[in-house]
Amino acid sequence: VQLQASGGGSVQAGGSLRLSCVASGRAFGTYAAGWFRQAPGREREFVARIRWNGGNTYYADSVKGRSTISRDNNKNTAYPQMNSLKPEDTAVYYCAADRQTDYSSSYHYTTADVFDYWGQGTLVTVSS
């Protein structure tokens with residue numbers, strides 16, 4: 001599976017962006033999809049995750065209430081809608097896919113280590 005992220009750009013605080021992650025290969029429809037971000041000088045952090053069937057979504061506290069992740073398996077695409085953007089949302093955003101959909105521990109749903117495939121990043125810059 002190859003992943004292609006897009007939709008990044010420069011916006012002012014309070015604005016919105018809809019990122020996209022397009023996957024090659026039909027298997028993507030059976031994988032969980034996730035988004036992570038990495039700001040300059042900081043470690044990569046979890047943003048959101050969605051189960052293969054569109055259910056069971058997970059969000060980082062930092063974006064909860066401002067972000068909605070969805071997917072369209074007919075288009076092999078996952079979308080995080082980012083609203084009410086803040087300067088601290090500035091980062092390179094990466095999409096990822098996880099072949100395993102269920103875990104015994106909730107920790108695994110938000111950690112990067114479980115994801116098997118990664119796309120290149122798309123830069124989001126939020127100005128104040």
# chains A, B, ... in the order shown; residues from 1 in each chain; ligands from 1
>>> closest_atom_pairs(of="range 15-109 of chain A", to="range 6-10 of chain A", cutoff="7 Å", atoms="only C-alpha atoms", output="tab-separated table")
residue	atom	partner	partner_atom	distance
A:Arg18	CA	A:Gly7	CA	6.1
A:Leu19	CA	A:Gly7	CA	4.4
A:Ser20	CA	A:Ser6	CA	5.3
A:Cys21	CA	A:Ser6	CA	6.5
>>> select_by_dssp(residues="chain A", states="strand (DSSP E or B)", output="ChimeraX atom specification")
/A:3-6,9-12,17-18,20-23,32-38,45-50,57-59,67-72,77-82,91-98,117-118,122-127
>>> residues_around(residues="Val92 in chain A", least_positions_apart="4", cutoff="6 Å", atoms="only C-alpha atoms", output="ChimeraX atom specification")
/A:37-38,121-123
>>> closest_residue(among="A:Ala97, A:Ala91, A:Asp116, A:Leu85", to="Val11 in chain A", atoms="only C-alpha atoms")
A:Leu85
>>> select_by_dssp(residues="range 9-123 of chain A", states="helix (DSSP H, G or I)", output="ChimeraX atom specification")
/A:26-30,87-89,106-110,112-114
>>> write_last_selection(atoms="N, CA, C and O atoms", output="compact mmCIF listing (two decimals), in the first residue's frame")
# COMPACT_ATOMS: atom_id res chain seq x y z
N ARG A 26 -6.39 -2.06 -3.13
CA ARG A 26 -7.73 -2.25 -2.58
C ARG A 26 -7.71 -2.63 -1.12
O ARG A 26 -8.70 -2.47 -0.42
N ALA A 27 -6.57 -3.12 -0.63
CA ALA A 27 -6.50 -3.56 0.77
C ALA A 27 -6.69 -2.42 1.75
O ALA A 27 -7.04 -2.66 2.91
N PHE A 28 -6.49 -1.19 1.30
CA PHE A 28 -6.63 -0.05 2.21
C PHE A 28 -8.00 -0.04 2.86
O PHE A 28 -8.15 0.39 3.99
N GLY A 29 -8.99 -0.52 2.15
CA GLY A 29 -10.34 -0.54 2.69
C GLY A 29 -10.51 -1.45 3.89
O GLY A 29 -11.51 -1.37 4.59
N THR A 30 -9.54 -2.30 4.14
CA THR A 30 -9.58 -3.20 5.30
C THR A 30 -8.62 -2.76 6.40
O THR A 30 -8.50 -3.43 7.42
N PRO A 87 -2.24 28.41 15.69
CA PRO A 87 -0.82 28.41 15.30
C PRO A 87 -0.09 27.15 15.77
O PRO A 87 0.81 26.66 15.07
N GLU A 88 -0.48 26.60 16.90
CA GLU A 88 0.18 25.40 17.40
C GLU A 88 -0.18 24.15 16.60
O GLU A 88 0.36 23.07 16.84
N ASP A 89 -1.10 24.27 15.66
CA ASP A 89 -1.38 23.16 14.75
C ASP A 89 -0.39 23.10 13.60
O ASP A 89 -0.42 22.16 12.79
N SER A 106 -6.07 0.05 24.66
CA SER A 106 -6.40 1.29 23.96
C SER A 106 -5.15 2.08 23.58
O SER A 106 -5.18 2.90 22.67
N TYR A 107 -4.05 1.83 24.26
CA TYR A 107 -2.79 2.52 23.97
C TYR A 107 -2.40 2.36 22.51
O TYR A 107 -1.92 3.27 21.87
N HIS A 108 -2.63 1.17 21.97
CA HIS A 108 -2.15 0.86 20.63
C HIS A 108 -2.89 1.64 19.54
O HIS A 108 -2.38 1.78 18.44
N TYR A 109 -4.05 2.15 19.85
CA TYR A 109 -4.81 2.85 18.82
C TYR A 109 -4.21 4.21 18.50
O TYR A 109 -4.48 4.75 17.43
N THR A 110 -3.40 4.73 19.37
CA THR A 110 -2.88 6.08 19.18
C THR A 110 -1.36 6.15 19.06
O THR A 110 -0.80 7.24 19.07
N ALA A 112 2.25 5.42 17.03
CA ALA A 112 2.73 5.30 15.66
C ALA A 112 3.33 3.93 15.37
O ALA A 112 3.35 3.50 14.21
N ASP A 113 3.80 3.24 16.39
CA ASP A 113 4.53 1.99 16.19
C ASP A 113 3.70 0.91 15.51
O ASP A 113 4.26 0.01 14.87
N VAL A 114 2.38 0.96 15.63
CA VAL A 114 1.55 -0.12 15.09
C VAL A 114 1.22 0.07 13.63
O VAL A 114 0.72 -0.83 12.98
>>> closest_residue(among="A:Ala13, A:Ile50, A:Met82, A:Ala33", to="Cys95 in chain A", atoms="only C-alpha atoms")
A:Ala33
>>> closest_residue(among="A:Thr90, A:Gln81, A:Thr101, A:Gln12", to="Asn53 in chain A", atoms="only C-alpha atoms")
A:Thr101
>>> closest_residue(among="A:Ala96, A:Ala78, A:Trp35, A:Leu17", to="Tyr59 in chain A", atoms="only C-alpha atoms")
A:Trp35
>>> atom_distance(atom1="CA of Gly25 in chain A", atom2="CA of Asn76 in chain A")
7.9 Å
